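A.B. asks: Data: final.txt, compact mmCIF, C-alpha atoms and all ligand atoms.
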# COMPACT_ATOMS: atom_id res chain seq x y z
CA MET Q 1152 0.73 3.54 -32.59
CA LEU Q 1153 0.28 -0.17 -33.21
CA ALA Q 1154 2.03 0.22 -36.58
CA GLY Q 1155 5.13 1.60 -34.84
CA THR Q 1156 4.67 5.33 -35.46
CA HIS Q 1157 5.58 5.94 -31.78
CA GLY Q 1158 8.40 3.36 -31.85
CA ASP Q 1159 8.65 -0.40 -31.50
CA GLY Q 1160 8.56 -0.36 -27.70
CA THR Q 1161 5.28 1.56 -27.60
CA ALA Q 1162 3.77 -0.78 -30.21
CA LYS Q 1163 4.83 -3.76 -28.09
CA ALA Q 1164 3.24 -2.28 -24.93
CA LEU Q 1165 0.05 -1.54 -26.85
CA ARG Q 1166 -0.13 -5.10 -28.25
CA TYR Q 1167 0.09 -6.40 -24.69
CA GLN Q 1168 -2.73 -4.08 -23.60
CA ILE Q 1169 -4.92 -5.07 -26.55
CA GLU Q 1170 -4.59 -8.74 -25.58
CA LEU Q 1171 -5.34 -7.87 -21.96
CA GLY Q 1172 -8.38 -5.84 -23.01
CA GLU Q 1173 -9.63 -8.68 -25.22
CA ALA Q 1174 -9.37 -11.06 -22.26
CA PHE Q 1175 -11.78 -8.77 -20.35
CA ALA Q 1176 -14.02 -8.02 -23.36
CA ALA Q 1177 -12.99 -4.35 -23.45
CA GLU Q 1178 -14.49 -2.56 -26.43
CA HIS Q 1179 -12.14 0.39 -26.60
CA MET Q 1180 -9.24 2.16 -24.92
CA VAL Q 1181 -9.11 5.53 -23.22
CA GLU Q 1182 -6.25 8.00 -22.75
CA ILE Q 1183 -4.87 8.51 -19.24
CA ASN Q 1184 -2.40 10.88 -17.59
CA ARG Q 1185 -1.36 9.02 -14.45
CA VAL Q 1186 0.07 5.65 -13.40
CA HIS Q 1187 1.41 4.07 -10.22
CA ALA Q 1188 3.56 0.99 -10.83
CA PRO Q 1189 5.12 -1.59 -8.53
CA LEU Q 1190 8.89 -1.75 -8.53
CA THR Q 1191 9.60 -5.45 -8.58
CA GLU Q 1192 12.69 -7.56 -8.80
CA LEU Q 1193 10.77 -10.57 -10.15
CA ASP Q 1194 12.35 -12.15 -13.23
CA GLY Q 1195 9.24 -11.87 -15.43
CA ASP Q 1196 8.75 -8.17 -14.65
CA ASN Q 1197 12.43 -7.45 -15.23
CA TRP Q 1198 12.29 -9.24 -18.55
CA PHE Q 1199 9.25 -7.16 -19.57
CA ILE Q 1200 10.78 -3.78 -18.74
CA SER Q 1201 14.14 -4.76 -20.27
CA ASP Q 1202 12.39 -5.84 -23.45
CA LEU Q 1203 10.48 -2.54 -23.64
CA LEU Q 1204 13.69 -0.58 -23.03
CA LYS Q 1205 15.54 -2.49 -25.76
CA SER Q 1206 12.71 -1.62 -28.12
CA GLY Q 1207 13.10 2.07 -27.28
CA ALA Q 1208 9.99 2.50 -25.09
CA ARG Q 1209 9.77 5.56 -22.83
CA LEU Q 1210 6.91 6.73 -20.62
CA LYS Q 1211 4.22 9.07 -21.95
CA VAL Q 1212 2.55 10.02 -18.66
CA ILE Q 1213 3.32 10.68 -14.98
CA ALA Q 1214 4.18 7.38 -13.31
CA THR Q 1215 5.29 6.88 -9.71
CA THR Q 1216 6.73 3.72 -8.17
CA ASN Q 1217 6.15 1.49 -5.18
CA PRO Q 1218 8.97 0.98 -2.65
CA ILE Q 1219 11.86 -1.42 -2.93
CA TYR Q 1220 14.62 -0.53 -0.45
CA ASP Q 1221 17.47 1.77 0.32
CA VAL Q 1222 20.76 -0.13 0.09
CA GLN Q 1223 22.80 3.05 0.75
CA TYR Q 1224 21.01 3.61 4.05
CA LEU Q 1225 21.85 0.09 5.23
CA GLN Q 1226 25.42 0.68 4.17
CA SER Q 1227 25.50 3.96 6.16
CA ILE Q 1228 24.46 2.22 9.40
CA GLY Q 1229 27.12 -0.46 9.01
CA SER Q 1230 24.79 -3.17 7.72
CA PRO Q 1231 25.76 -3.57 4.07
CA GLU Q 1232 23.65 -5.71 1.78
CA PRO Q 1233 25.27 -8.73 0.09
CA GLU Q 1234 26.80 -7.68 -3.23
CA ALA Q 1235 24.31 -9.67 -5.34
CA ALA Q 1236 21.30 -8.11 -3.56
CA ALA Q 1237 22.75 -4.60 -3.82
CA ARG Q 1238 23.41 -5.08 -7.54
CA LEU Q 1239 19.90 -6.43 -8.16
CA ILE Q 1240 18.25 -3.45 -6.41
CA SER Q 1241 20.47 -1.01 -8.26
CA ASP Q 1242 19.68 -2.67 -11.62
CA VAL Q 1243 15.92 -2.64 -10.96
CA LYS Q 1244 15.95 1.03 -9.92
CA GLY Q 1245 18.13 1.88 -12.93
CA ARG Q 1246 15.75 0.24 -15.42
CA PHE Q 1247 12.68 1.96 -13.97
CA LYS Q 1248 14.41 5.36 -13.99
CA GLU Q 1249 15.69 4.81 -17.54
CA ILE Q 1250 12.18 4.17 -18.86
CA GLY Q 1251 10.96 7.31 -17.07
CA LEU Q 1252 9.25 6.34 -13.81
CA LYS Q 1253 9.50 8.90 -11.00
CA PRO Q 1254 11.53 7.36 -8.16
CA THR Q 1255 9.01 8.08 -5.39
CA TYR Q 1256 9.43 4.57 -3.87
CA ASN Q 1257 6.18 5.01 -1.98
CA CYS Q 1258 3.10 2.81 -1.48
CA THR Q 1259 0.68 5.62 -0.58
CA PRO Q 1260 0.82 7.74 -3.76
CA GLU Q 1261 -2.83 8.72 -3.32
CA LEU Q 1262 -1.88 10.67 -0.18
CA GLY Q 1263 0.69 12.93 -1.79
CA SER Q 1264 3.05 11.88 -4.55
CA ASN Q 1265 0.47 11.03 -7.23
CA VAL Q 1266 -3.07 12.10 -6.41
CA PRO Q 1267 -5.77 11.51 -9.03
CA ARG Q 1268 -8.70 13.89 -9.29
CA ILE Q 1269 -12.32 12.85 -9.00
CA ASN Q 1270 -13.58 10.90 -12.06
CA GLU Q 1271 -10.07 10.68 -13.54
CA ILE Q 1272 -9.23 7.32 -15.13
CA VAL Q 1273 -5.81 6.10 -14.01
CA ALA Q 1274 -3.78 2.88 -13.90
CA PHE Q 1275 -2.73 2.14 -10.32
CA SER Q 1276 -1.26 -0.95 -8.74
CA GLU Q 1277 -0.77 -1.47 -4.96
CA SER Q 1278 -3.67 -3.20 -3.25
CA SER Q 1279 -3.94 -0.64 -0.44
CA SER Q 1280 -4.08 2.32 -2.85
CA ILE Q 1281 -6.65 0.96 -5.30
CA PRO Q 1282 -9.76 1.08 -3.05
CA TYR Q 1283 -8.65 4.50 -1.81
CA VAL Q 1284 -8.38 5.82 -5.36
CA ASN Q 1285 -11.73 4.32 -6.37
CA GLY Q 1286 -13.76 4.65 -3.20
CA ILE Q 1287 -12.37 7.65 -1.32
CA ILE Q 1288 -11.16 9.94 -4.10
CA GLY Q 1289 -13.71 8.82 -6.69
CA ALA Q 1290 -11.18 8.32 -9.50
CA ARG Q 1291 -11.26 5.06 -11.50
CA THR Q 1292 -8.66 2.34 -11.72
CA ASN Q 1293 -8.55 -1.38 -12.24
CA ARG Q 1294 -6.19 -3.52 -10.18
CA GLU Q 1295 -3.10 -3.16 -12.35
CA SER Q 1296 -0.13 -5.52 -12.34
CA ALA Q 1297 3.52 -4.53 -12.80
CA LYS Q 1298 3.25 -5.26 -16.52
CA SER Q 1299 -0.14 -3.67 -17.19
CA ALA Q 1300 0.76 -0.51 -15.23
CA LEU Q 1301 4.04 -0.16 -17.09
CA ALA Q 1302 2.39 -0.74 -20.46
CA ALA Q 1303 -0.23 1.91 -19.59
CA ALA Q 1304 2.52 4.38 -18.70
CA VAL Q 1305 4.25 3.74 -22.04
CA THR Q 1306 1.14 4.09 -24.21
CA GLY Q 1307 -0.79 6.59 -22.07
CA ARG Q 1308 -3.90 4.44 -22.51
CA VAL Q 1309 -5.87 1.69 -20.78
CA PRO Q 1310 -8.46 -0.78 -22.08
CA VAL Q 1311 -11.88 0.06 -20.67
CA TYR Q 1312 -13.28 -2.79 -18.59
CA GLY Q 1313 -13.98 -3.69 -14.95
CA LEU Q 1314 -14.02 -0.79 -12.51
CA LEU Q 1315 -13.70 1.79 -15.26
CA LEU Q 1316 -17.35 1.09 -16.16
CA ASP Q 1317 -20.25 2.57 -14.13
CA GLU Q 1318 -22.12 -0.73 -13.90
CA ASN Q 1319 -19.20 -2.54 -12.21
CA ARG Q 1320 -18.69 0.05 -9.49
CA LYS Q 1321 -21.92 -0.43 -7.54
CA GLY Q 1322 -21.85 -1.99 -4.09
CA ASN Q 1323 -23.19 -5.48 -3.45
CA VAL Q 1324 -22.47 -6.09 0.27
CA LEU Q 1325 -23.90 -3.92 3.06
CA ILE Q 1326 -21.62 -3.42 6.06
CA THR Q 1327 -23.24 -1.83 9.09
CA VAL Q 1328 -20.52 -0.52 11.39
CA ALA Q 1329 -21.81 -0.83 14.95
CA ALA Q 1330 -18.29 -0.94 16.43
CA THR Q 1331 -16.59 2.07 18.02
CA LEU Q 1332 -13.61 3.19 15.94
CA ARG Q 1333 -11.33 4.91 18.45
CA ASP Q 1334 -8.21 5.41 16.35
CA ALA Q 1335 -6.39 4.46 13.16
CA PHE Q 1336 -5.62 0.97 14.51
CA ASP Q 1337 -9.33 0.18 14.83
CA TYR Q 1338 -9.75 0.95 11.12
CA ARG Q 1339 -7.21 -1.78 10.39
CA LEU Q 1340 -9.19 -4.24 12.50
CA LEU Q 1341 -12.38 -3.15 10.75
CA GLY Q 1342 -10.81 -3.69 7.31
CA PHE Q 1343 -9.48 -7.11 8.22
CA ALA Q 1344 -12.71 -8.21 9.92
CA VAL Q 1345 -14.88 -7.07 6.99
CA GLY Q 1346 -12.63 -8.79 4.43
CA LYS Q 1347 -12.89 -12.00 6.41
CA MET Q 1348 -16.67 -11.78 6.72
CA MET Q 1349 -17.53 -10.93 3.14
CA GLY Q 1350 -14.65 -12.29 1.04
CA ASN Q 1351 -14.54 -10.53 -2.29
CA GLY Q 1352 -17.12 -7.99 -3.45
CA ILE Q 1353 -17.83 -4.27 -3.18
CA PRO Q 1354 -18.71 -3.30 0.39
CA VAL Q 1355 -20.94 -0.34 1.23
CA PHE Q 1356 -20.16 0.94 4.73
CA GLU Q 1357 -22.89 2.65 6.74
CA GLY Q 1358 -22.53 3.95 10.28
CA MET Q 1359 -18.93 5.15 9.88
CA PRO Q 1360 -17.65 8.25 11.74
CA ALA Q 1361 -18.40 11.42 9.77
CA ASN Q 1362 -14.90 12.74 9.25
CA PRO Q 1363 -12.23 10.01 9.19
CA LEU Q 1364 -8.56 10.96 8.83
CA PRO Q 1365 -6.58 9.98 5.71
CA GLU Q 1366 -4.47 7.63 7.85
CA GLU Q 1367 -7.61 5.89 9.12
CA LEU Q 1368 -9.00 5.41 5.62
CA LYS Q 1369 -5.60 4.22 4.40
CA ASN Q 1370 -5.57 1.59 7.16
CA LEU Q 1371 -9.08 0.44 6.29
CA CYS Q 1372 -8.11 0.01 2.62
CA THR Q 1373 -4.82 -1.71 3.48
CA ASP Q 1374 -6.07 -4.42 5.79
CA LEU Q 1375 -9.27 -5.02 3.82
CA ASN Q 1376 -6.87 -6.31 1.18
CA VAL Q 1377 -5.12 -8.66 3.55
CA SER Q 1378 -8.13 -10.83 4.35
CA ALA Q 1379 -9.81 -10.31 0.93
CA ALA Q 1380 -9.23 -8.67 -2.46
CA VAL Q 1381 -11.32 -5.49 -2.58
CA ALA Q 1382 -10.65 -2.89 -5.26
CA MET Q 1383 -13.69 -0.65 -4.68
CA ILE Q 1384 -15.49 0.47 -1.54
CA HIS Q 1385 -18.33 2.85 -0.78
CA ILE Q 1386 -18.66 4.81 2.44
CA VAL Q 1387 -22.09 6.40 2.50
CA GLY Q 1388 -21.77 10.17 2.68
CA LEU Q 1389 -18.05 10.15 1.87
CA THR Q 1390 -17.54 8.27 -1.40
CA PRO Q 1391 -18.47 10.61 -4.25
CA GLU Q 1392 -20.53 7.81 -5.82
CA ALA Q 1393 -22.34 7.04 -2.54
CA PRO Q 1394 -24.35 10.07 -1.40
CA THR Q 1395 -27.01 7.60 -0.17
CA LEU Q 1396 -27.26 3.84 0.41
CA ASP Q 1397 -29.61 3.52 -2.52
CA VAL Q 1398 -27.21 5.24 -4.94
CA ALA Q 1399 -24.28 3.16 -3.65
CA PHE Q 1400 -26.18 -0.04 -4.51
CA GLY Q 1401 -27.42 1.34 -7.84
CA GLY Q 1402 -31.03 0.99 -6.65
CA LYS Q 1403 -30.62 -2.77 -6.09
CA HIS Q 1404 -30.76 -4.80 -2.89
CA PRO Q 1405 -27.45 -5.93 -1.39
CA ASP Q 1406 -26.57 -9.62 -1.87
CA ARG Q 1407 -25.39 -9.87 1.72
CA HIS Q 1408 -25.47 -7.86 4.95
CA PHE Q 1409 -22.99 -7.98 7.85
CA THR Q 1410 -22.92 -5.98 11.05
CA VAL Q 1411 -19.51 -5.34 12.62
CA THR Q 1412 -19.53 -4.98 16.40
CA ASP Q 1413 -16.90 -4.25 19.04
CA ALA Q 1414 -16.85 -7.99 19.73
CA ASP Q 1415 -15.88 -8.65 16.07
CA LEU Q 1416 -12.96 -6.21 16.33
CA ASP Q 1417 -11.89 -7.79 19.64
CA LYS Q 1418 -12.01 -11.24 18.07
CA CYS Q 1419 -9.99 -10.05 15.10
CA ARG Q 1420 -7.40 -8.57 17.48
CA ALA Q 1421 -7.28 -11.80 19.49
CA ASP Q 1422 -7.08 -14.08 16.43
CA MET Q 1423 -4.63 -12.05 14.43
CA SER Q 1424 -2.41 -10.25 16.90
CA GLY Q 1425 -0.32 -13.31 17.79
CA TYR Q 1426 -0.06 -11.61 21.17
CA GLU Q 1427 2.10 -13.32 23.76
CA SER Q 1428 3.89 -11.47 26.48
CA GLY Q 1429 7.66 -11.74 26.54
CA LYS Q 1430 10.88 -10.30 25.19
CA ILE Q 1431 10.80 -8.52 21.84
CA ASP Q 1432 13.61 -7.64 19.43
CA PHE Q 1433 12.21 -4.92 17.15
CA ALA Q 1434 9.27 -2.76 16.04
CA LEU Q 1435 8.32 -2.25 12.40
CA PHE Q 1436 5.98 0.57 11.35
CA GLY Q 1437 4.90 1.90 7.99
CA CYS Q 1438 3.10 -0.89 6.13
CA ALA Q 1439 1.49 0.95 4.39
CA HIS Q 1440 3.99 3.84 4.47
CA TYR Q 1441 3.65 6.18 7.42
CA THR Q 1442 2.54 9.75 6.81
CA ILE Q 1443 4.34 12.71 8.38
CA GLU Q 1444 1.58 12.85 11.03
CA GLN Q 1445 2.24 9.25 12.05
CA ILE Q 1446 6.00 9.87 12.18
CA LYS Q 1447 5.29 12.91 14.36
CA GLN Q 1448 3.39 10.63 16.76
CA VAL Q 1449 6.30 8.17 16.93
CA ALA Q 1450 8.77 11.02 17.54
CA HIS Q 1451 6.52 12.46 20.25
CA LEU Q 1452 6.33 9.09 22.04
CA LEU Q 1453 10.12 8.62 21.83
CA GLU Q 1454 11.11 12.18 22.81
CA GLY Q 1455 13.99 12.05 25.31
CA LYS Q 1456 13.80 8.24 25.62
CA THR Q 1457 16.02 5.37 24.50
CA LEU Q 1458 15.08 1.97 23.09
CA ALA Q 1459 15.79 -0.99 25.37
CA SER Q 1460 19.22 -2.53 24.85
CA GLY Q 1461 19.45 -4.60 21.66
CA VAL Q 1462 15.97 -3.58 20.44
CA GLU Q 1463 15.48 -1.95 17.02
CA LEU Q 1464 12.75 0.33 15.69
CA TRP Q 1465 12.13 0.90 11.99
CA VAL Q 1466 9.69 3.31 10.37
CA LEU Q 1467 9.02 2.92 6.64
CA THR Q 1468 7.96 5.90 4.59
CA SER Q 1469 8.73 7.56 1.28
CA PRO Q 1470 12.11 9.27 0.75
CA GLN Q 1471 10.23 12.57 0.38
CA ILE Q 1472 8.43 12.20 3.73
CA ARG Q 1473 11.71 11.14 5.34
CA THR Q 1474 13.24 14.43 4.17
CA MET Q 1475 10.27 16.30 5.66
CA ALA Q 1476 10.72 14.37 8.93
CA GLU Q 1477 14.36 15.44 8.95
CA GLU Q 1478 13.40 19.07 8.33
CA LEU Q 1479 10.89 18.96 11.20
CA GLY Q 1480 13.33 17.34 13.67
CA TYR Q 1481 11.40 14.04 13.95
CA LEU Q 1482 14.22 12.08 12.34
CA GLU Q 1483 16.68 13.39 14.91
CA THR Q 1484 14.36 12.51 17.80
CA ILE Q 1485 13.79 8.99 16.49
CA SER Q 1486 17.49 8.48 15.71
CA LYS Q 1487 18.55 9.73 19.17
CA ALA Q 1488 16.22 7.16 20.72
CA GLY Q 1489 17.97 4.48 18.60
CA GLY Q 1490 15.37 4.10 15.82
CA HIS Q 1491 15.58 4.32 12.04
CA ILE Q 1492 13.43 5.90 9.36
CA MET Q 1493 13.97 4.19 6.02
CA GLY Q 1494 12.83 6.07 2.94
CA GLY Q 1495 11.51 3.84 0.17
CA GLY Q 1496 11.55 0.50 2.02
CA CYS Q 1497 8.86 -2.18 2.19
CA SER Q 1498 7.82 -4.48 5.04
CA VAL Q 1499 8.55 -7.54 2.91
CA MET Q 1500 12.02 -6.63 1.71
CA PRO Q 1501 14.57 -9.46 1.96
CA VAL Q 1502 16.81 -7.50 4.29
CA TRP Q 1503 14.46 -8.38 7.17
CA ASN Q 1504 15.29 -12.08 6.70
CA ARG Q 1505 18.91 -11.32 7.37
CA ARG Q 1506 18.22 -8.89 10.23
CA PHE Q 1507 15.33 -10.51 12.05
CA ASP Q 1508 15.55 -14.24 11.39
CA GLY Q 1509 14.24 -16.09 14.45
CA LYS Q 1510 13.34 -12.82 16.20
CA VAL Q 1511 10.16 -11.34 17.66
CA GLY Q 1512 8.79 -8.02 16.46
CA VAL Q 1513 5.86 -5.74 17.22
CA THR Q 1514 3.92 -3.86 14.57
CA ASP Q 1515 0.62 -2.04 14.17
CA SER Q 1516 0.13 -3.58 10.71
CA LEU Q 1517 -1.78 -6.78 10.08
CA LYS Q 1518 -0.42 -6.63 6.53
CA ALA Q 1519 3.20 -6.61 7.74
CA LYS Q 1520 2.51 -9.65 9.91
CA PHE Q 1521 0.63 -11.50 7.20
CA TYR Q 1522 3.13 -10.79 4.41
CA ASN Q 1523 6.01 -11.94 6.59
CA SER Q 1524 4.27 -15.06 7.82
CA ALA Q 1525 6.34 -17.31 5.54
CA LYS Q 1526 9.55 -16.04 7.15
CA ASN Q 1527 11.07 -17.15 10.39
CA ILE Q 1528 10.03 -13.88 12.04
CA SER Q 1529 7.34 -13.69 14.68
CA PHE Q 1530 5.11 -10.59 14.84
CA ARG Q 1531 2.78 -9.36 17.58
CA VAL Q 1532 0.24 -6.82 16.29
CA MET Q 1533 -0.89 -3.98 18.55
CA ARG Q 1534 -1.50 -0.23 18.61
CA MET Q 1535 1.45 2.02 17.77
CA GLU Q 1536 1.52 3.38 21.34
CA GLN Q 1537 1.74 -0.17 22.75
CA CYS Q 1538 4.51 -1.03 20.29
CA ILE Q 1539 6.49 2.00 21.48
CA GLU Q 1540 6.00 1.01 25.13
CA ALA Q 1541 7.29 -2.47 24.20
CA VAL Q 1542 10.45 -1.24 22.46
CA LEU Q 1543 11.24 1.03 25.42
CA LYS Q 1544 10.86 -1.88 27.89
CA GLY Q 1545 12.22 -4.58 25.57
CA SER Q 1546 9.15 -6.69 26.20
CA CYS Q 1547 5.38 -6.66 25.93
FE1 LIG W 1601 3.77 -0.82 1.37
FE2 LIG W 1601 5.26 -2.96 1.23
FE3 LIG W 1601 3.38 -2.79 3.05
S1 LIG W 1601 4.45 -1.83 -0.48
S2 LIG W 1601 1.80 -1.62 2.00
S3 LIG W 1601 5.21 -1.50 2.93
S4 LIG W 1601 3.89 -4.63 1.88
Can you present the structure in this file as structure tokens?
C.D. replies:
Amino acid sequence: MLAGTHGDGTAKALRYQIELGEAFAAEHMVEINRVHAPLTELDGDNWFISDLLKSGARLKVIATTNPIYDVQYLQSIGSPEPEAAARLISDVKGRFKEIGLKPTYNCTPELGSNVPRINEIVAFSESSSIPYVNGIIGARTNRESAKSALAAAVTGRVPVYGLLLDENRKGNVLITVAATLRDAFDYRLLGFAVGKMMGNGIPVFEGMPANPLPEELKNLCTDLNVSAAVAMIHIVGLTPEAPTLDVAFGGKHPDRHFTVTDADLDKCRADMSGYESGKIDFALFGCAHYTIEQIKQVAHLLEGKTLASGVELWVLTSPQIRTMAEELGYLETISKAGGHIMGGGCSVMPVWNRRFDGKVGVTDSLKAKFYNSAKNISFRVMRMEQCIEAVLKGSC
């Protein structure tokens, strides 16, 4: 492959991976069947994919993509994107499709569009997906970048280092959950609070509810990666590699131990919510992308109601889940109330600058607030139900 038997583009991608592997002291590479890659409009990433395309590279394995945004949808609601932005998005999507990525435009592939099996080695990017893939499903991935994920999809291989090795997957921080987790929002607070307490490492959670929902685990993984960078977690009794505390720690003692109480979650809510009562302009849901169950909840809360005058509501999900929401009537309910479901959008897309500059929004996502903190947009973070009450009143 390195000699060009699979084409120049594949040889180029492999050379990049060999250098990456050498940087992490990888001793060999392993074949894979599955990749999830970010869809970025950054110059360096665009140069890399364009260079691979020019050299004839095409994907070898299943590869799905993270969201970017739906210019046609904005056009259809009378809010066209500036020509340069529309062209950039179209060019980026075109390049990724040309090389062979599946246009899923979704940041929760592990919940439907690209689900690894237990023990499978994969190459996933997206910080909220990686701990889910490693710690909930029990597959193995390193934290891939746009370039390394793309190169892996072209060669169908990854260098073996980091979290692909047994010895690097053991926990080192014990987290005793003494807080009551009432709903999916509390899992976000738990993730954020734990990330803040421990910083980086591999947490082992004990004392968690026995049967958490996928949405709850998704929230935990998402907001854990807002306050820290955590690619692997263990939940005792749930993570395939953590049948017991002792196994999760590989027979060693934890380096550190934290107990999370209701007071910690309350403090996190108080510190991070940015809560202030007053007029609001919009609600933004779906960072990470909402599942059909979450969209059902929004539709149920909006049934027969109308958003307050001048207030917007946006739900982000994958184009495929949007189609399902349409089929099930949730899209119609949300649209009738005055809200939007955007398929394939992200909470940090530049369109929000143009739409919400200087405005106040509500969201249930600490990640959406944090990622937009450099913009002139003010977010209050609260439960989904409270956000819906706020958009119906126009204030919180
Ligand atoms: Fe998804 Fe974008 Fe949030 S990729 S997790 S909606 S920052």
A.B. asks: Kindly compile the residues surrounding ligand LIG 1601 (chain W) within 8 Å, counting all atoms listed in the file, and format them as a ChimeraX atom specification.
C.D. replies: /Q:1217-1219,1257-1259,1277-1279,1373,1437-1440,1467,1496-1500,1518-1519,1522
A.B. asks: Would you mind telling me which residue in Q:Phe1175, Q:Leu1325, Q:Cys1547, Q:Leu1239 lies nearest to Asn1293 in chain Q when using all atoms listed in the file?
C.D. replies: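 Using all atoms listed in the file, Asn1293 in chain Q sits closest to Q:Phe1175.
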A.B. asks: I need the residue nearest Ser1296 in chain Q from this list: Q:Thr1191, Q:Gln1223, Q:Thr1395, Q:Thr1255. Use only C-alpha atoms for the distance.
C.D. replies: Q:Thr1191
A.B. asks: Go through Q:Phe1507, Q:Phe1409, Q:Phe1530, Q:Tyr1256 one by one, measure the shortest atom-to-atom distance of each to Ser1428 in chain Q using all atoms listed in the file, and give the residue with the smallest value.
C.D. replies: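 Distance minimum relative to Ser1428 in chain Q lands on Q:Phe1530.
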A.B. asks: Give the answer as one residue: which of Q:Val1462, Q:Ala1235, Q:Met1423, Q:Leu1543 has the shortest atom-to-atom distance to Gly1512 in chain Q, using only C-alpha atoms?
C.D. replies: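 Nearest to Gly1512 in chain Q: Q:Val1462.
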A.B. asks: Quick one: of Q:Leu1252, Q:Met1359, Q:Ala1162, Q:Ala1290, who's nearest to Glu1392 in chain Q, counting only C-alpha atoms?
C.D. replies: Q:Ala1290
A.B. asks: Calculated over all atoms listed in the file, which of the candidates Q:His1491, Q:Lys1347, Q:His1187, Q:Lys1447 has the smallest distance to Asp1415 in chain Q?
C.D. replies: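 Closest candidate: Q:Lys1347.
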A.B. asks: For CA of Gly1401 in chain Q and CA of Ala1379 in chain Q, determine how far apart the two atoms are, in Å to one decimal place.
C.D. replies: 22.9 Å
